[in-house]
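Trainee: Sharing protein_21.tsv, TSV, C-alpha atoms:
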chain	number	residue	atom	x	y	z
A	1	MET	CA	-30.96	-15.61	31.97
A	2	PRO	CA	-29.84	-17.84	34.89
A	3	ARG	CA	-26.21	-17.07	34.11
A	4	ALA	CA	-26.80	-13.30	34.24
A	5	VAL	CA	-28.65	-13.64	37.56
A	6	ALA	CA	-25.87	-15.82	39.02
A	7	LEU	CA	-23.21	-13.32	37.90
A	8	ALA	CA	-25.10	-10.45	39.55
A	9	LEU	CA	-25.41	-12.37	42.82
A	10	GLU	CA	-21.76	-13.43	42.71
A	11	ALA	CA	-20.64	-9.85	42.05
A	12	ALA	CA	-22.60	-8.76	45.13
A	13	GLY	CA	-20.63	-11.24	47.24
A	14	LEU	CA	-23.45	-13.68	47.95
A	15	PRO	CA	-22.28	-17.28	48.28
A	16	PRO	CA	-23.30	-19.81	45.63
A	17	SER	CA	-24.18	-23.33	46.64
A	18	ALA	CA	-21.85	-26.08	45.44
A	19	VAL	CA	-21.84	-29.82	44.80
A	20	ASP	CA	-18.94	-32.28	44.82
A	21	ALA	CA	-17.89	-34.65	42.04
A	22	GLU	CA	-20.63	-37.12	43.06
A	23	GLY	CA	-23.32	-34.45	42.92
A	24	ARG	CA	-23.71	-34.11	46.71
A	25	ARG	CA	-24.38	-30.62	47.92
A	26	VAL	CA	-21.38	-29.47	49.99
A	27	ARG	CA	-21.97	-25.73	50.49
A	28	THR	CA	-24.99	-23.63	51.38
A	29	GLY	CA	-25.86	-20.76	49.08
A	30	TYR	CA	-28.00	-19.63	46.18
A	31	ARG	CA	-28.83	-21.86	43.24
A	32	VAL	CA	-30.11	-20.36	39.99
A	33	ALA	CA	-32.12	-22.42	37.50
A	34	ASP	CA	-34.24	-21.84	34.42
A	35	GLY	CA	-37.75	-20.71	35.25
A	36	PRO	CA	-40.91	-20.52	33.17
A	37	GLU	CA	-41.24	-18.16	30.21
A	38	GLY	CA	-37.61	-17.07	30.10
A	39	ARG	CA	-37.38	-16.24	33.79
A	40	ALA	CA	-34.86	-17.50	36.32
A	41	GLN	CA	-35.54	-19.10	39.70
A	42	VAL	CA	-33.27	-18.49	42.67
A	43	SER	CA	-33.43	-20.88	45.62
A	44	TRP	CA	-31.37	-21.18	48.80
A	45	VAL	CA	-30.02	-24.70	49.28
A	46	GLY	CA	-27.39	-26.55	51.27
A	47	PRO	CA	-26.21	-29.98	52.37
A	48	PRO	CA	-28.60	-32.11	54.44
A	49	GLY	CA	-28.70	-30.80	58.00
A	50	SER	CA	-27.14	-27.44	57.07
A	51	GLY	CA	-30.16	-25.39	58.14
A	52	ALA	CA	-30.57	-23.89	54.66
A	53	ALA	CA	-34.36	-24.15	54.89
A	54	GLY	CA	-34.34	-22.03	58.05
A	55	GLU	CA	-32.20	-19.36	56.39
A	56	GLU	CA	-33.99	-19.21	53.05
A	57	ARG	CA	-36.46	-16.41	53.75
A	58	GLU	CA	-33.77	-13.97	54.90
A	59	ARG	CA	-31.17	-15.02	52.35
A	60	LEU	CA	-33.59	-14.97	49.40
A	61	ALA	CA	-34.67	-11.48	50.49
A	62	GLU	CA	-30.99	-10.48	50.23
A	63	CYS	CA	-30.78	-11.99	46.75
A	64	ALA	CA	-33.95	-10.19	45.65
A	65	ALA	CA	-32.71	-6.86	47.05
A	66	VAL	CA	-29.47	-7.15	45.06
A	67	LEU	CA	-31.31	-7.97	41.86
A	68	GLU	CA	-33.97	-5.30	42.33
A	69	ARG	CA	-31.28	-2.61	42.76
A	70	LEU	CA	-30.08	-3.66	39.30
A	71	GLY	CA	-33.57	-3.30	37.82
A	72	TRP	CA	-34.66	-6.95	37.84
A	73	VAL	CA	-38.23	-7.80	38.85
A	74	CYS	CA	-38.35	-10.36	41.69
A	75	LEU	CA	-41.31	-12.26	43.12
A	76	LEU	CA	-41.09	-14.59	46.13
A	77	TYR	CA	-43.01	-17.88	45.92
A	78	ARG	CA	-43.45	-21.07	47.91
A	79	GLY	CA	-42.86	-24.28	46.04
A	80	PRO	CA	-43.05	-27.96	46.93
A	81	ARG	CA	-42.70	-28.75	50.63
A	82	SER	CA	-43.24	-25.02	51.33
A	83	ARG	CA	-39.69	-24.18	50.21
A	84	ARG	CA	-39.35	-20.60	49.02
A	85	PHE	CA	-37.81	-19.39	45.77
A	86	VAL	CA	-37.52	-16.10	43.92
A	87	GLU	CA	-38.67	-15.85	40.34
A	88	VAL	CA	-36.67	-13.23	38.45
A	89	GLU	CA	-37.62	-11.31	35.30
A	90	ALA	CA	-35.17	-9.24	33.27
A	91	PRO	CA	-35.37	-5.46	33.53
A	92	CYS	CA	-37.86	-3.81	31.17
Here is the file; what I need is its structure written in the form of structure tokens.
Mentor:
Amino acid sequence: MPRAVALALEAAGLPPSAVDAEGRRVRTGYRVADGPEGRAQVSWVGPPGSGAAGEERERLAECAAVLERLGWVCLLYRGPRSRRFVEVEAPC
């Protein structure tokens, strides 16, 4: 599921986040992870001081719009430290 979501976002031209060889985040973008009950979670992350937290509402809305056009069901949530994420379900 996360791989399919990431491929859809990549195909739409949205930038993925990236880490270097030491695991430090070096680029701001979406991150897709396993969610509960077979869902995926999309978050917007970046290196410390990148301003990713300030961009997340708008950028996650872009991610959700892309996925919803493809039939996915997207719900926006707030997680720890009030950071937002989108939970994604496969199309029916």
Trainee: Quick one: residues within 12 Å of Ser82 (chain A), only C-alpha atoms counted, chain neighbours fewer than 5 positions away excluded, as a PyMOL selection string?
Mentor: chain A and resi 53-54+56-57+76-77
Trainee: Please produce an output containing C-alpha atoms for each residue in the selection, written as a tab-separated table (two decimals), keeping the file's coordinate frame.
Mentor:
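Saved file part-v9.tsv follows:
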chain	number	residue	atom	x	y	z
A	53	ALA	CA	-34.36	-24.15	54.89
A	54	GLY	CA	-34.34	-22.03	58.05
A	56	GLU	CA	-33.99	-19.21	53.05
A	57	ARG	CA	-36.46	-16.41	53.75
A	76	LEU	CA	-41.09	-14.59	46.13
A	77	TYR	CA	-43.01	-17.88	45.92
Trainee: Extract, using all atoms listed in the file, all DNA, RNA and protein residues at most 10 Å from Glu55 (chain A), discarding same-chain residues fewer than 5 positions from it, and format them as JSON, numbers by chain.
Mentor: {"A": [28, 29, 44, 45, 50, 60]}
Trainee: Quick one: everything within 10 Å of region 6-22 of chain A, counting only C-alpha atoms, minus sequence neighbours fewer than 6 positions away in the same chain. Send it as a PyMOL selection string.
Mentor: chain A and resi 28-33+40+42-47+59+62-64+66-67+70
Trainee: Rounded to one decimal place, report the CA of Leu75 (chain A)-CA of Arg27 (chain A) distance in Å.
Mentor: 24.7 Å
Trainee: Calculate how many Å separate CA of Glu37 (chain A) from CA of Arg24 (chain A), rounding to one decimal.
Mentor: 28.9 Å
Trainee: Between CA of Pro80 (chain A) and CA of Ala4 (chain A), what is the distance in Å, rounded to a tenth?
Mentor: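 Atom-to-atom, CA of Pro80 (chain A) and CA of Ala4 (chain A) are spaced 25.3 Å apart.
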Trainee: List every protein, DNA or RNA residue with an atom no more than 9 Å from (-34.1, -8.7, 35.5) in the file's coordinates, counting all atoms listed in the file, and format the result as a ChimeraX atom specification.
Mentor: /A:1,4-5,39-40,67-68,70-74,88-92
Trainee: Pick out the closest residue to Val86 (chain A) from this set: A:Arg69, A:Gln41, A:Pro36, A:Gly23. Count all atoms listed in the file.
Mentor: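 Using all atoms listed in the file, Val86 (chain A) sits closest to A:Gln41.
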